[in-house]
Structures are given as structure tokens and as C-alpha cells.
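Written below as C-alpha cells is the structure these notes are about.
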Amino acid sequence: MWKIFDTVLPVNYNLAPALSRVYGLGLSRAFSITDAFGFSTDFSMNEVNSYFYNILISYIKPYYILDLRLKELYLQRLEFFFENNFVKGVRIFNGLPINGQRTRTNASTPKRLKPFSEKFNEVIAERNRRLQEFAKRREKKK
């Protein structure tokens with residue numbers, strides 16, 4: 001069992017599709033990583049030993065922003081849009097399409113995007129609450 005950034009790589013997959021299970025590594029990026037090290041396209045995860053695993057990890061960690069760090073950057077970007085009242089942030093918050101899509105006849109788009117905006121709003125509110133609690137604890141220590 002191999003793990004990369006809290007993602008367990010399936011053993012019965014080939015190497016590139018298994019790497020694409022990591023958040024932030026798509027299939028094309030996974031294929032480019034395997035090509036960089038000379039692994040064939042049908043190289044199985046069963047054939048990966050600790051040496052190959054350490055090589056992959058030492059290559060992936062410094063060059064790619066993945067998993068939790070990538071999610072955090074995405075949330076920071078959304079939070080920036082919300083706080084500065086960008087049109088993009090308001091439209092995300094209201095569950096409307098962002099990139100100029102039609103809303104007159106496409107009523108399903110706002111309904112489909114609305115849960116995501118509520119979810120991100122809850123995550124951002126939770127993060128701000130934790131930061132405020134941390135600031136209060138620091139003030140008490142001083």
C-alpha cells in the first residue's frame with residue numbers, strides 16, 4: 001500500500017491512472033511524470049518497490065502543489081473574491097454561472113452550482129472562526 005499526500009494509491013491500477021487519483025494530478029500530468037522516469041504505460045502498481053516510490057515522491061513534492069495545499073489555495077482565492085465584492089465572488093455566492101453563461105433558458109445551472117457556493121461559504125466561515133480563536137489565544141498568552 002502506497003500513499004501520496006493522504007491518498008492511498010490502488011494496487012491493481014497501472015502507475016499513471018493510480019497517480020491521477022491524487023487531487024491535483026490529472027491523467028496527462030501523471031503520464032508526463034511516468035514518461036520522465038521512463039516507466040512504460042502499462043507499468044503496474046504491483047511492480048513499484050520502495051526505490052521507485054521514493055523517486056516519485058522526491059520528484060512530485062517539490063514541483064507540484066497538490067491535495068490539501070491546492071484546496072487551501074482555491075479556498076483563499078474564493079475568499080478573496082467574496083471579501084472584495086468581486087462580481088465573480090457575488091455570482092459564486094448566489095449560485096449563478098460565472099463566465100458569462102446564459103441564465104434565461106438554463107435554469108438548471110444556478111440550482112446545480114448553489115450547493116457548492118454554500119459549501120465554500122461554510123468552509124470559509126469555519127476557517128475565519130478558527131483564525132479568530134487562534135488570535136484570541138495568542139493575545140491571552142501575551
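Labeling convention for the C-alpha cells: chains A, B, ... as they appear, residues from 1 per chain, ligands from 1 in order of appearance.
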Next on the checklist: Could you list, as a PyMOL selection string, every residue within 9 Å of Leu19 in chain A, counting only C-alpha atoms and ignoring same-chain residues fewer than 2 positions away?
Outcome noted: chain A and resi 4+9+14-17+21-22+25-27+29-31
Checklist entry - With distances taken over only C-alpha atoms, which of A:Leu73, A:Lys140, A:Val11, A:Arg102 is nearest to Asn49 in chain A? => result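 The closest residue to Asn49 in chain A is A:Val11.
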Item to check | Nearest-residue call for Lys71 in chain A, choices A:Val90, A:Leu131, A:Ile124, A:Ala18, using only C-alpha atoms | outcome: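 Checking each candidate against Lys71 in chain A, we get A:Ile124 as the closest.
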Next on the checklist: Calculated over only C-alpha atoms, which of the candidates A:Trp2, A:Tyr13, A:Phe86, A:Phe80 has the smallest distance to Phe43 in chain A?
Outcome noted: A:Tyr13
Checklist entry - Where in chain A does DSSP assign alpha helix (DSSP H), given as a ChimeraX atom specification? => result /A:15-19,27-36,50-63,67-83,87-94,108-141
Checklist outcome for this item: The distance between CA of Ile65 in chain A and CA of Asp35 in chain A is 19.6 Å
